[in-house]
file protein35.txt (compact mmCIF, N, CA and C atoms)
# COMPACT_ATOMS: atom_id res chain seq x y z
N MET A 1 2.17 -2.09 11.36
CA MET A 1 1.62 -2.15 10.03
C MET A 1 2.74 -1.92 9.04
N ARG A 2 2.72 -2.70 8.00
CA ARG A 2 3.73 -2.55 6.95
C ARG A 2 3.04 -2.22 5.64
N LEU A 3 3.60 -1.24 4.94
CA LEU A 3 3.11 -0.85 3.64
C LEU A 3 4.27 -0.83 2.66
N LEU A 4 4.04 -1.35 1.50
CA LEU A 4 5.01 -1.28 0.41
C LEU A 4 4.37 -0.44 -0.69
N LEU A 5 5.00 0.69 -1.00
CA LEU A 5 4.47 1.62 -1.99
C LEU A 5 5.29 1.54 -3.26
N GLN A 6 4.61 1.48 -4.38
CA GLN A 6 5.28 1.54 -5.66
C GLN A 6 4.66 2.66 -6.47
N ARG A 7 5.52 3.59 -6.90
CA ARG A 7 5.04 4.67 -7.76
C ARG A 7 4.78 4.07 -9.13
N VAL A 8 3.59 4.29 -9.65
CA VAL A 8 3.20 3.67 -10.92
C VAL A 8 2.64 4.69 -11.90
N SER A 9 2.79 4.36 -13.18
CA SER A 9 2.09 5.15 -14.19
C SER A 9 0.73 4.50 -14.48
N SER A 10 0.59 3.22 -14.10
CA SER A 10 -0.70 2.54 -14.12
C SER A 10 -0.60 1.25 -13.32
N ALA A 11 -1.74 0.79 -12.82
CA ALA A 11 -1.79 -0.48 -12.08
C ALA A 11 -3.22 -0.99 -12.10
N GLN A 12 -3.35 -2.30 -12.04
CA GLN A 12 -4.68 -2.89 -11.95
C GLN A 12 -4.61 -4.20 -11.17
N VAL A 13 -5.73 -4.55 -10.58
CA VAL A 13 -5.83 -5.82 -9.86
C VAL A 13 -7.05 -6.56 -10.40
N SER A 14 -6.85 -7.87 -10.62
CA SER A 14 -7.91 -8.72 -11.15
C SER A 14 -8.15 -9.91 -10.23
N VAL A 15 -9.38 -10.37 -10.22
CA VAL A 15 -9.75 -11.59 -9.51
C VAL A 15 -10.50 -12.47 -10.51
N ALA A 16 -10.02 -13.69 -10.70
CA ALA A 16 -10.62 -14.64 -11.65
C ALA A 16 -10.78 -14.02 -13.04
N GLY A 17 -9.78 -13.23 -13.44
CA GLY A 17 -9.79 -12.65 -14.77
C GLY A 17 -10.56 -11.35 -14.92
N ASP A 18 -11.29 -10.93 -13.88
CA ASP A 18 -12.06 -9.69 -13.93
C ASP A 18 -11.30 -8.57 -13.23
N VAL A 19 -11.11 -7.45 -13.92
CA VAL A 19 -10.45 -6.30 -13.32
C VAL A 19 -11.40 -5.70 -12.28
N ILE A 20 -10.92 -5.61 -11.02
CA ILE A 20 -11.77 -5.06 -9.95
C ILE A 20 -11.29 -3.71 -9.45
N GLY A 21 -10.06 -3.34 -9.82
CA GLY A 21 -9.52 -2.05 -9.42
C GLY A 21 -8.44 -1.64 -10.39
N GLU A 22 -8.44 -0.35 -10.75
CA GLU A 22 -7.48 0.13 -11.73
C GLU A 22 -7.20 1.60 -11.50
N ILE A 23 -5.93 1.99 -11.61
CA ILE A 23 -5.56 3.40 -11.48
C ILE A 23 -4.59 3.78 -12.60
N GLN A 24 -4.44 5.07 -12.78
CA GLN A 24 -3.40 5.61 -13.65
C GLN A 24 -2.28 6.10 -12.73
N GLU A 25 -1.70 7.25 -12.98
CA GLU A 25 -0.58 7.74 -12.18
C GLU A 25 -0.92 7.75 -10.69
N GLY A 26 -0.02 7.22 -9.90
CA GLY A 26 -0.24 7.21 -8.46
C GLY A 26 0.62 6.18 -7.76
N LEU A 27 0.03 5.58 -6.73
CA LEU A 27 0.75 4.60 -5.91
C LEU A 27 -0.03 3.30 -5.81
N LEU A 28 0.66 2.21 -6.00
CA LEU A 28 0.16 0.89 -5.67
C LEU A 28 0.64 0.65 -4.24
N VAL A 29 -0.30 0.43 -3.32
CA VAL A 29 0.04 0.30 -1.90
C VAL A 29 -0.37 -1.09 -1.41
N PHE A 30 0.64 -1.91 -1.11
CA PHE A 30 0.40 -3.21 -0.50
C PHE A 30 0.36 -3.00 1.01
N VAL A 31 -0.70 -3.51 1.66
CA VAL A 31 -0.93 -3.27 3.08
C VAL A 31 -0.91 -4.59 3.86
N CYS A 32 -0.14 -4.61 4.94
CA CYS A 32 -0.10 -5.75 5.83
C CYS A 32 -0.39 -5.29 7.26
N ALA A 33 -1.52 -5.70 7.80
CA ALA A 33 -1.84 -5.42 9.20
C ALA A 33 -1.17 -6.49 10.05
N MET A 34 -0.53 -6.03 11.12
CA MET A 34 0.21 -6.95 11.97
C MET A 34 -0.35 -6.90 13.40
N ILE A 35 -0.09 -7.94 14.14
CA ILE A 35 -0.60 -8.03 15.51
C ILE A 35 -0.21 -6.77 16.27
N GLY A 36 -1.19 -6.16 16.94
CA GLY A 36 -0.97 -4.94 17.70
C GLY A 36 -1.34 -3.67 16.97
N ASP A 37 -1.58 -3.77 15.66
CA ASP A 37 -1.97 -2.58 14.90
C ASP A 37 -3.36 -2.11 15.30
N THR A 38 -3.60 -0.82 15.15
CA THR A 38 -4.87 -0.21 15.54
C THR A 38 -5.37 0.69 14.42
N ASP A 39 -6.60 1.15 14.57
CA ASP A 39 -7.18 2.10 13.62
C ASP A 39 -6.35 3.39 13.59
N ALA A 40 -5.86 3.81 14.74
CA ALA A 40 -5.04 5.02 14.80
C ALA A 40 -3.75 4.85 13.98
N ILE A 41 -3.17 3.67 14.03
CA ILE A 41 -1.96 3.41 13.22
C ILE A 41 -2.32 3.43 11.74
N ALA A 42 -3.45 2.83 11.38
CA ALA A 42 -3.89 2.83 9.98
C ALA A 42 -4.07 4.26 9.48
N GLN A 43 -4.68 5.12 10.29
CA GLN A 43 -4.88 6.51 9.90
C GLN A 43 -3.54 7.23 9.74
N LYS A 44 -2.62 7.00 10.67
CA LYS A 44 -1.31 7.64 10.60
C LYS A 44 -0.55 7.22 9.34
N MET A 45 -0.61 5.95 9.03
CA MET A 45 0.08 5.44 7.84
C MET A 45 -0.54 6.02 6.57
N ALA A 46 -1.86 6.13 6.54
CA ALA A 46 -2.54 6.69 5.37
C ALA A 46 -2.15 8.15 5.17
N ARG A 47 -2.09 8.91 6.26
CA ARG A 47 -1.65 10.31 6.16
C ARG A 47 -0.24 10.39 5.59
N LYS A 48 0.63 9.50 6.05
CA LYS A 48 2.01 9.48 5.57
C LYS A 48 2.04 9.20 4.06
N VAL A 49 1.26 8.22 3.62
CA VAL A 49 1.20 7.89 2.20
C VAL A 49 0.71 9.09 1.38
N ALA A 50 -0.37 9.71 1.84
CA ALA A 50 -0.97 10.83 1.11
C ALA A 50 -0.02 12.01 0.99
N ARG A 51 0.84 12.19 1.97
CA ARG A 51 1.69 13.38 2.01
C ARG A 51 3.14 13.13 1.59
N LEU A 52 3.48 11.87 1.37
CA LEU A 52 4.84 11.52 1.01
C LEU A 52 5.19 12.13 -0.35
N ARG A 53 6.31 12.80 -0.41
CA ARG A 53 6.72 13.50 -1.64
C ARG A 53 7.62 12.58 -2.47
N VAL A 54 6.98 11.78 -3.31
CA VAL A 54 7.71 10.81 -4.14
C VAL A 54 7.46 11.01 -5.63
N PHE A 55 6.81 12.11 -5.99
CA PHE A 55 6.55 12.40 -7.40
C PHE A 55 7.43 13.57 -7.83
N ASN A 56 7.87 13.52 -9.07
CA ASN A 56 8.81 14.51 -9.57
C ASN A 56 8.16 15.87 -9.82
N ASP A 57 8.91 16.91 -9.46
CA ASP A 57 8.50 18.27 -9.79
C ASP A 57 9.03 18.62 -11.19
N GLU A 58 8.91 19.87 -11.57
CA GLU A 58 9.32 20.29 -12.91
C GLU A 58 10.83 20.18 -13.14
N HIS A 59 11.60 19.99 -12.07
CA HIS A 59 13.05 19.85 -12.17
C HIS A 59 13.49 18.39 -12.06
N GLY A 60 12.52 17.47 -12.01
CA GLY A 60 12.84 16.05 -11.91
C GLY A 60 13.19 15.60 -10.51
N LYS A 61 12.96 16.46 -9.52
CA LYS A 61 13.26 16.12 -8.12
C LYS A 61 11.99 15.57 -7.46
N MET A 62 12.14 14.50 -6.68
CA MET A 62 10.98 13.96 -5.95
C MET A 62 10.59 14.96 -4.88
N ASN A 63 9.55 15.73 -5.17
CA ASN A 63 9.19 16.84 -4.31
C ASN A 63 7.68 17.04 -4.20
N LEU A 64 6.89 16.19 -4.87
CA LEU A 64 5.45 16.38 -4.90
C LEU A 64 4.72 15.18 -4.30
N SER A 65 3.56 15.46 -3.70
CA SER A 65 2.74 14.41 -3.08
C SER A 65 1.65 13.95 -4.05
N LEU A 66 0.92 12.95 -3.64
CA LEU A 66 -0.20 12.44 -4.44
C LEU A 66 -1.16 13.54 -4.86
N GLY A 67 -1.58 14.34 -3.91
CA GLY A 67 -2.54 15.40 -4.20
C GLY A 67 -2.01 16.42 -5.20
N GLN A 68 -0.72 16.68 -5.13
CA GLN A 68 -0.12 17.67 -6.02
C GLN A 68 -0.02 17.20 -7.46
N VAL A 69 -0.09 15.88 -7.68
CA VAL A 69 -0.06 15.35 -9.05
C VAL A 69 -1.39 14.72 -9.44
N SER A 70 -2.41 14.93 -8.59
CA SER A 70 -3.73 14.30 -8.80
C SER A 70 -3.60 12.79 -8.96
N GLY A 71 -2.70 12.21 -8.15
CA GLY A 71 -2.46 10.78 -8.21
C GLY A 71 -3.54 9.97 -7.51
N GLU A 72 -3.64 8.73 -7.91
CA GLU A 72 -4.61 7.79 -7.35
C GLU A 72 -3.86 6.70 -6.57
N VAL A 73 -4.61 5.93 -5.80
CA VAL A 73 -4.02 4.84 -5.03
C VAL A 73 -4.81 3.56 -5.27
N LEU A 74 -4.08 2.48 -5.48
CA LEU A 74 -4.66 1.15 -5.53
C LEU A 74 -4.17 0.41 -4.29
N VAL A 75 -5.08 0.09 -3.37
CA VAL A 75 -4.75 -0.58 -2.11
C VAL A 75 -4.98 -2.08 -2.28
N VAL A 76 -3.94 -2.87 -1.98
CA VAL A 76 -4.02 -4.32 -2.09
C VAL A 76 -3.51 -4.93 -0.79
N SER A 77 -4.31 -5.76 -0.16
CA SER A 77 -3.88 -6.41 1.08
C SER A 77 -2.82 -7.46 0.74
N GLN A 78 -1.80 -7.56 1.60
CA GLN A 78 -0.74 -8.53 1.35
C GLN A 78 -0.11 -8.96 2.68
N PHE A 79 -0.66 -10.02 3.26
CA PHE A 79 -0.19 -10.48 4.56
C PHE A 79 1.25 -10.98 4.50
N THR A 80 1.74 -11.30 3.31
CA THR A 80 3.10 -11.85 3.20
C THR A 80 4.17 -10.82 3.53
N LEU A 81 3.80 -9.54 3.66
CA LEU A 81 4.78 -8.54 4.10
C LEU A 81 5.19 -8.77 5.56
N ALA A 82 4.45 -9.62 6.26
CA ALA A 82 4.79 -9.97 7.65
C ALA A 82 5.76 -11.15 7.72
N ALA A 83 6.26 -11.60 6.58
CA ALA A 83 7.10 -12.79 6.54
C ALA A 83 8.30 -12.69 7.47
N ASP A 84 8.50 -13.73 8.23
CA ASP A 84 9.68 -13.87 9.09
C ASP A 84 10.55 -14.93 8.44
N THR A 85 11.71 -14.51 7.95
CA THR A 85 12.60 -15.43 7.24
C THR A 85 13.90 -15.69 8.00
N ARG A 86 13.90 -15.40 9.28
CA ARG A 86 15.13 -15.53 10.07
C ARG A 86 15.59 -16.98 10.23
N ARG A 87 14.64 -17.92 10.23
CA ARG A 87 15.02 -19.32 10.43
C ARG A 87 14.46 -20.17 9.30
N GLY A 88 15.22 -21.14 8.90
CA GLY A 88 14.76 -22.10 7.91
C GLY A 88 14.55 -21.51 6.53
N GLN A 89 13.86 -22.27 5.71
CA GLN A 89 13.64 -21.88 4.32
C GLN A 89 12.20 -21.50 4.03
N ARG A 90 11.30 -21.72 4.99
CA ARG A 90 9.89 -21.42 4.79
C ARG A 90 9.53 -20.21 5.65
N PRO A 91 9.02 -19.13 5.02
CA PRO A 91 8.65 -17.94 5.81
C PRO A 91 7.54 -18.25 6.81
N GLY A 92 7.62 -17.60 7.95
CA GLY A 92 6.55 -17.69 8.94
C GLY A 92 5.73 -16.41 8.92
N PHE A 93 4.45 -16.52 9.19
CA PHE A 93 3.56 -15.36 9.13
C PHE A 93 2.82 -15.13 10.44
N SER A 94 3.41 -15.57 11.54
CA SER A 94 2.73 -15.47 12.83
C SER A 94 2.54 -14.03 13.30
N ARG A 95 3.27 -13.09 12.74
CA ARG A 95 3.12 -11.68 13.14
C ARG A 95 1.99 -10.98 12.39
N ALA A 96 1.44 -11.64 11.37
CA ALA A 96 0.31 -11.05 10.62
C ALA A 96 -0.95 -11.14 11.47
N MET A 97 -1.78 -10.12 11.35
CA MET A 97 -3.04 -10.07 12.09
C MET A 97 -4.02 -11.09 11.51
N MET A 98 -4.92 -11.59 12.34
CA MET A 98 -5.94 -12.51 11.87
C MET A 98 -6.80 -11.83 10.79
N PRO A 99 -7.28 -12.60 9.81
CA PRO A 99 -7.94 -12.01 8.64
C PRO A 99 -9.07 -11.03 8.91
N SER A 100 -10.00 -11.32 9.80
CA SER A 100 -11.14 -10.41 9.98
C SER A 100 -10.70 -9.04 10.48
N ALA A 101 -9.79 -9.02 11.44
CA ALA A 101 -9.29 -7.75 11.96
C ALA A 101 -8.40 -7.06 10.94
N ALA A 102 -7.61 -7.85 10.21
CA ALA A 102 -6.73 -7.28 9.19
C ALA A 102 -7.54 -6.62 8.09
N GLN A 103 -8.64 -7.21 7.71
CA GLN A 103 -9.49 -6.63 6.67
C GLN A 103 -10.00 -5.26 7.11
N GLU A 104 -10.42 -5.17 8.36
CA GLU A 104 -10.91 -3.89 8.88
C GLU A 104 -9.83 -2.82 8.80
N LEU A 105 -8.60 -3.17 9.14
CA LEU A 105 -7.52 -2.18 9.12
C LEU A 105 -7.10 -1.83 7.69
N CYS A 106 -7.13 -2.78 6.81
CA CYS A 106 -6.83 -2.50 5.40
C CYS A 106 -7.86 -1.51 4.84
N GLU A 107 -9.12 -1.74 5.17
CA GLU A 107 -10.19 -0.83 4.75
C GLU A 107 -10.05 0.53 5.43
N ALA A 108 -9.56 0.54 6.67
CA ALA A 108 -9.34 1.81 7.38
C ALA A 108 -8.26 2.63 6.69
N VAL A 109 -7.23 1.99 6.18
CA VAL A 109 -6.19 2.70 5.41
C VAL A 109 -6.83 3.33 4.19
N ALA A 110 -7.64 2.58 3.46
CA ALA A 110 -8.29 3.10 2.25
C ALA A 110 -9.21 4.27 2.58
N ARG A 111 -10.00 4.13 3.64
CA ARG A 111 -10.91 5.22 4.05
C ARG A 111 -10.14 6.48 4.42
N SER A 112 -9.07 6.29 5.17
CA SER A 112 -8.26 7.44 5.60
C SER A 112 -7.59 8.12 4.42
N LEU A 113 -7.17 7.35 3.43
CA LEU A 113 -6.62 7.96 2.21
C LEU A 113 -7.69 8.77 1.50
N ALA A 114 -8.89 8.22 1.41
CA ALA A 114 -10.00 8.95 0.79
C ALA A 114 -10.30 10.23 1.56
N ASP A 115 -10.22 10.16 2.89
CA ASP A 115 -10.44 11.35 3.72
C ASP A 115 -9.39 12.42 3.45
N GLU A 116 -8.22 12.01 2.96
CA GLU A 116 -7.15 12.94 2.60
C GLU A 116 -7.36 13.53 1.20
N GLY A 117 -8.45 13.12 0.55
CA GLY A 117 -8.76 13.65 -0.78
C GLY A 117 -8.20 12.84 -1.93
N VAL A 118 -7.72 11.63 -1.65
CA VAL A 118 -7.11 10.78 -2.66
C VAL A 118 -8.17 9.85 -3.26
N VAL A 119 -8.12 9.67 -4.58
CA VAL A 119 -8.98 8.67 -5.24
C VAL A 119 -8.39 7.30 -4.93
N VAL A 120 -9.23 6.41 -4.37
CA VAL A 120 -8.75 5.10 -3.92
C VAL A 120 -9.54 3.99 -4.60
N ARG A 121 -8.81 3.03 -5.09
CA ARG A 121 -9.39 1.78 -5.60
C ARG A 121 -8.80 0.66 -4.74
N MET A 122 -9.51 -0.47 -4.70
CA MET A 122 -9.05 -1.56 -3.82
C MET A 122 -9.08 -2.91 -4.52
N GLY A 123 -8.19 -3.76 -4.03
CA GLY A 123 -8.27 -5.17 -4.38
C GLY A 123 -9.36 -5.81 -3.53
N ARG A 124 -9.43 -7.13 -3.54
CA ARG A 124 -10.42 -7.85 -2.74
C ARG A 124 -9.70 -8.64 -1.67
N PHE A 125 -9.96 -8.29 -0.43
CA PHE A 125 -9.28 -8.90 0.70
C PHE A 125 -9.45 -10.42 0.66
N GLY A 126 -8.34 -11.12 0.82
CA GLY A 126 -8.36 -12.58 0.92
C GLY A 126 -8.49 -13.30 -0.40
N ALA A 127 -8.67 -12.58 -1.50
CA ALA A 127 -8.82 -13.22 -2.80
C ALA A 127 -7.46 -13.53 -3.41
N ASP A 128 -7.45 -14.44 -4.35
CA ASP A 128 -6.26 -14.72 -5.14
C ASP A 128 -6.25 -13.67 -6.25
N MET A 129 -5.39 -12.67 -6.11
CA MET A 129 -5.40 -11.52 -7.01
C MET A 129 -4.20 -11.55 -7.95
N ALA A 130 -4.43 -11.05 -9.15
CA ALA A 130 -3.35 -10.82 -10.11
C ALA A 130 -3.17 -9.31 -10.19
N VAL A 131 -1.96 -8.85 -9.94
CA VAL A 131 -1.67 -7.42 -9.94
C VAL A 131 -0.73 -7.11 -11.11
N LYS A 132 -1.14 -6.15 -11.92
CA LYS A 132 -0.29 -5.67 -13.02
C LYS A 132 0.05 -4.22 -12.74
N LEU A 133 1.30 -3.86 -13.02
CA LEU A 133 1.70 -2.49 -12.79
C LEU A 133 2.79 -2.07 -13.74
N VAL A 134 2.84 -0.79 -13.99
CA VAL A 134 3.97 -0.19 -14.68
C VAL A 134 4.64 0.69 -13.65
N ASN A 135 5.75 0.20 -13.12
CA ASN A 135 6.47 0.90 -12.07
C ASN A 135 7.15 2.12 -12.69
N ASP A 136 6.96 3.27 -12.07
CA ASP A 136 7.48 4.53 -12.58
C ASP A 136 8.74 4.89 -11.83
N GLY A 137 9.87 4.80 -12.49
CA GLY A 137 11.13 5.18 -11.87
C GLY A 137 12.23 4.15 -12.07
N PRO A 138 12.19 3.02 -11.44
CA PRO A 138 11.21 2.59 -10.44
C PRO A 138 11.42 3.28 -9.10
N VAL A 139 10.30 3.53 -8.44
CA VAL A 139 10.33 4.09 -7.09
C VAL A 139 9.51 3.16 -6.20
N THR A 140 10.16 2.57 -5.21
CA THR A 140 9.52 1.68 -4.26
C THR A 140 9.93 2.11 -2.86
N VAL A 141 8.94 2.27 -1.98
CA VAL A 141 9.18 2.77 -0.62
C VAL A 141 8.53 1.82 0.38
N TRP A 142 9.26 1.52 1.44
CA TRP A 142 8.80 0.65 2.53
C TRP A 142 8.43 1.52 3.72
N LEU A 143 7.22 1.34 4.25
CA LEU A 143 6.80 2.02 5.47
C LEU A 143 6.47 0.97 6.52
N ASP A 144 7.01 1.14 7.71
CA ASP A 144 6.75 0.21 8.80
C ASP A 144 6.41 1.06 10.03
N SER A 145 5.24 0.87 10.60
CA SER A 145 4.81 1.68 11.74
C SER A 145 5.70 1.45 12.96
N ALA A 146 6.41 0.33 13.01
CA ALA A 146 7.27 0.03 14.15
C ALA A 146 8.60 0.77 14.06
N GLU A 147 8.90 1.35 12.92
CA GLU A 147 10.20 2.03 12.75
C GLU A 147 10.06 3.52 12.89

call {"tool": "encode", "arguments": {"input": "protein35.txt", "output": "C-alpha cells"}}
result
Amino acid sequence: MRLLLQRVSSAQVSVAGDVIGEIQEGLLVFVCAMIGDTDAIAQKMARKVARLRVFNDEHGKMNLSLGQVSGEVLVVSQFTLAADTRRGQRPGFSRAMMPSAAQELCEAVARSLADEGVVVRMGRFGADMAVKLVNDGPVTVWLDSAE
C-alpha cells in the first residue's frame, strides 16, 4: 500500500463541481491499494498516519501528531501512485489492486483513522475528482508498506 501525505492548512475534494469532502488543518492522504495488500496492512498504515509527528510544536519542530493538533484527514483514492515508469514513456499500473478490492482497503484506511480518533472526510472512489489544497510547509511524506 502506498500513501502520499501532504500537511495542509486546508483541503477539499469536488466531484462535478460539488464539494464532497473538506478539512482544515491536517493531512491530505492519497491512498493506493496494491496487489497483495490486506486489511491488516491498511490498519497498520492508518495507525502510522495518525501517530506520525509532522506538525510543529511551540518551537517550530515537527514533533506533534494529528491528535495533538486536533487535525483532520481527507482521504482520496489514487491508483496512479502504483505507476511503474521503468520502461517507456507511458506509466503502467499493473501493480494497482482491482477497483472493488481497492475501494474496500481505501475505506479500511479511513475507518482505521477514525478508530484512532481522527476526523476523516473522503473523496469518492473511482470518480473524476478535483482536489484543492493549501500545502503547509510544504510538508509531503511518502509511506510504502513494502519499505

call {"tool": "atom_distance", "arguments": {"input": "protein35.txt", "atom1": "atom CA of A:Leu5", "atom2": "atom CA of A:Val141"}}
result
5.0 Å

call {"tool": "residues_near_point", "arguments": {"input": "protein35.txt", "point": "(-5.8, 9.2, -6.4)", "cutoff": "7 Å", "atoms": "only C-alpha atoms", "output": "JSON, numbers by chain"}}
result
{"A": [26, 66, 70, 71, 72, 73, 118, 119, 120]}

call {"tool": "closest_residue", "arguments": {"input": "protein35.txt", "among": "A:Gln89, A:Ser14, A:Gln68, A:Gln43", "to": "A:Ala108", "atoms": "only N, CA and C atoms"}}
result
A:Gln43

call {"tool": "atom_distance", "arguments": {"input": "protein35.txt", "atom1": "atom N of A:Met34", "atom2": "atom C of A:Gln12"}}
result
22.7 Å

call {"tool": "residues_around", "arguments": {"input": "protein35.txt", "residues": "A:Arg2", "least_positions_apart": "2", "cutoff": "6 Å", "atoms": "all atoms listed in the file", "output": "PyMOL selection string"}}
result
chain A and resi 4+30-34+143-145

call {"tool": "closest_residue", "arguments": {"input": "protein35.txt", "among": "A:Ser77, A:Ile20, A:Ile41, A:Val29", "to": "A:Met1", "atoms": "all atoms listed in the file"}}
result
A:Ile41

call {"tool": "residues_around", "arguments": {"input": "protein35.txt", "residues": "stretch 132-135 of chain A", "least_positions_apart": "2", "cutoff": "10 Å", "atoms": "only C-alpha atoms", "output": "PyMOL selection string"}}
result
chain A and resi 6-14+22-28+129-130+137-140

call {"tool": "closest_residue", "arguments": {"input": "protein35.txt", "among": "A:Met97, A:Leu105, A:Leu113, A:Val76", "to": "A:Phe125", "atoms": "all atoms listed in the file"}}
result
A:Val76

call {"tool": "select_by_dssp", "arguments": {"input": "protein35.txt", "residues": "stretch 40-147 of chain A", "states": "alpha helix (DSSP H)", "output": "list of chain:residue names"}}
result
A:Ala40, A:Ile41, A:Ala42, A:Gln43, A:Lys44, A:Met45, A:Ala46, A:Arg47, A:Lys48, A:Val49, A:Ala50, A:Arg51, A:Pro99, A:Ser100, A:Ala101, A:Ala102, A:Gln103, A:Glu104, A:Leu105, A:Cys106, A:Glu107, A:Ala108, A:Val109, A:Ala110, A:Arg111, A:Ser112, A:Leu113, A:Ala114, A:Asp115

call {"tool": "write_last_selection", "arguments": {"input": "protein35.txt", "atoms": "N, CA and C atoms", "output": "mmCIF file, keeping the file's coordinate frame"}}
result
data_model
loop_
_atom_site.group_PDB
_atom_site.id
_atom_site.type_symbol
_atom_site.label_atom_id
_atom_site.label_comp_id
_atom_site.auth_asym_id
_atom_site.auth_seq_id
_atom_site.Cartn_x
_atom_site.Cartn_y
_atom_site.Cartn_z
ATOM 1 N N ALA A 40 -5.860 3.810 14.740
ATOM 2 C CA ALA A 40 -5.040 5.020 14.800
ATOM 3 C C ALA A 40 -3.750 4.850 13.980
ATOM 4 N N ILE A 41 -3.170 3.670 14.030
ATOM 5 C CA ILE A 41 -1.960 3.410 13.220
ATOM 6 C C ILE A 41 -2.320 3.430 11.740
ATOM 7 N N ALA A 42 -3.450 2.830 11.380
ATOM 8 C CA ALA A 42 -3.890 2.830 9.980
ATOM 9 C C ALA A 42 -4.070 4.260 9.480
ATOM 10 N N GLN A 43 -4.680 5.120 10.290
ATOM 11 C CA GLN A 43 -4.880 6.510 9.900
ATOM 12 C C GLN A 43 -3.540 7.230 9.740
ATOM 13 N N LYS A 44 -2.620 7.000 10.670
ATOM 14 C CA LYS A 44 -1.310 7.640 10.600
ATOM 15 C C LYS A 44 -0.550 7.220 9.340
ATOM 16 N N MET A 45 -0.610 5.950 9.030
ATOM 17 C CA MET A 45 0.080 5.440 7.840
ATOM 18 C C MET A 45 -0.540 6.020 6.570
ATOM 19 N N ALA A 46 -1.860 6.130 6.540
ATOM 20 C CA ALA A 46 -2.540 6.690 5.370
ATOM 21 C C ALA A 46 -2.150 8.150 5.170
ATOM 22 N N ARG A 47 -2.090 8.910 6.260
ATOM 23 C CA ARG A 47 -1.650 10.310 6.160
ATOM 24 C C ARG A 47 -0.240 10.390 5.590
ATOM 25 N N LYS A 48 0.630 9.500 6.050
ATOM 26 C CA LYS A 48 2.010 9.480 5.570
ATOM 27 C C LYS A 48 2.040 9.200 4.060
ATOM 28 N N VAL A 49 1.260 8.220 3.620
ATOM 29 C CA VAL A 49 1.200 7.890 2.200
ATOM 30 C C VAL A 49 0.710 9.090 1.380
ATOM 31 N N ALA A 50 -0.370 9.710 1.840
ATOM 32 C CA ALA A 50 -0.970 10.830 1.110
ATOM 33 C C ALA A 50 -0.020 12.010 0.990
ATOM 34 N N ARG A 51 0.840 12.190 1.970
ATOM 35 C CA ARG A 51 1.690 13.380 2.010
ATOM 36 C C ARG A 51 3.140 13.130 1.590
ATOM 37 N N PRO A 99 -7.280 -12.600 9.810
ATOM 38 C CA PRO A 99 -7.940 -12.010 8.640
ATOM 39 C C PRO A 99 -9.070 -11.030 8.910
ATOM 40 N N SER A 100 -10.000 -11.320 9.800
ATOM 41 C CA SER A 100 -11.140 -10.410 9.980
ATOM 42 C C SER A 100 -10.700 -9.040 10.480
ATOM 43 N N ALA A 101 -9.790 -9.020 11.440
ATOM 44 C CA ALA A 101 -9.290 -7.750 11.960
ATOM 45 C C ALA A 101 -8.400 -7.060 10.940
ATOM 46 N N ALA A 102 -7.610 -7.850 10.210
ATOM 47 C CA ALA A 102 -6.730 -7.280 9.190
ATOM 48 C C ALA A 102 -7.540 -6.620 8.090
ATOM 49 N N GLN A 103 -8.640 -7.210 7.710
ATOM 50 C CA GLN A 103 -9.490 -6.630 6.670
ATOM 51 C C GLN A 103 -10.000 -5.260 7.110
ATOM 52 N N GLU A 104 -10.420 -5.170 8.360
ATOM 53 C CA GLU A 104 -10.910 -3.890 8.880
ATOM 54 C C GLU A 104 -9.830 -2.820 8.800
ATOM 55 N N LEU A 105 -8.600 -3.170 9.140
ATOM 56 C CA LEU A 105 -7.520 -2.180 9.120
ATOM 57 C C LEU A 105 -7.100 -1.830 7.690
ATOM 58 N N CYS A 106 -7.130 -2.780 6.810
ATOM 59 C CA CYS A 106 -6.830 -2.500 5.400
ATOM 60 C C CYS A 106 -7.860 -1.510 4.840
ATOM 61 N N GLU A 107 -9.120 -1.740 5.170
ATOM 62 C CA GLU A 107 -10.190 -0.830 4.750
ATOM 63 C C GLU A 107 -10.050 0.530 5.430
ATOM 64 N N ALA A 108 -9.560 0.540 6.670
ATOM 65 C CA ALA A 108 -9.340 1.810 7.380
ATOM 66 C C ALA A 108 -8.260 2.630 6.690
ATOM 67 N N VAL A 109 -7.230 1.990 6.180
ATOM 68 C CA VAL A 109 -6.190 2.700 5.410
ATOM 69 C C VAL A 109 -6.830 3.330 4.190
ATOM 70 N N ALA A 110 -7.640 2.580 3.460
ATOM 71 C CA ALA A 110 -8.290 3.100 2.250
ATOM 72 C C ALA A 110 -9.210 4.270 2.580
ATOM 73 N N ARG A 111 -10.000 4.130 3.640
ATOM 74 C CA ARG A 111 -10.910 5.220 4.050
ATOM 75 C C ARG A 111 -10.140 6.480 4.420
ATOM 76 N N SER A 112 -9.070 6.290 5.170
ATOM 77 C CA SER A 112 -8.260 7.440 5.600
ATOM 78 C C SER A 112 -7.590 8.120 4.420
ATOM 79 N N LEU A 113 -7.170 7.350 3.430
ATOM 80 C CA LEU A 113 -6.620 7.960 2.210
ATOM 81 C C LEU A 113 -7.690 8.770 1.500
ATOM 82 N N ALA A 114 -8.890 8.220 1.410
ATOM 83 C CA ALA A 114 -10.000 8.950 0.790
ATOM 84 C C ALA A 114 -10.300 10.230 1.560
ATOM 85 N N ASP A 115 -10.220 10.160 2.890
ATOM 86 C CA ASP A 115 -10.440 11.350 3.720
ATOM 87 C C ASP A 115 -9.390 12.420 3.450
#

call {"tool": "atom_distance", "arguments": {"input": "protein35.txt", "atom1": "atom N of A:Asn63", "atom2": "atom CA of A:Lys48"}}
result
14.5 Å

call {"tool": "residues_around", "arguments": {"input": "protein35.txt", "residues": "A:Val109", "least_positions_apart": "4", "cutoff": "8 Å", "atoms": "only N, CA and C atoms", "output": "ChimeraX atom specification"}}
result
/A:39,41-47,75,103-105,113-115

call {"tool": "select_by_dssp", "arguments": {"input": "protein35.txt", "residues": "chain A", "states": "strand (DSSP E or B)", "output": "JSON, numbers by chain"}}
result
{"A": [2, 3, 4, 5, 6, 7, 8, 9, 10, 11, 12, 13, 14, 15, 18, 19, 20, 21, 22, 23, 26, 27, 28, 29, 30, 31, 32, 34, 55, 56, 62, 63, 64, 72, 73, 74, 75, 76, 77, 84, 92, 96, 119, 120, 121, 122, 129, 130, 131, 132, 133, 134, 135, 136, 137, 138, 139, 140, 141, 142, 143, 144]}

call {"tool": "residues_around", "arguments": {"input": "protein35.txt", "residues": "A:Ser65", "least_positions_apart": "6", "cutoff": "8 Å", "atoms": "only C-alpha atoms", "output": "list in words"}}
result
Ala50, Arg51, Leu52, Arg53, Val54 and Phe55 of chain A
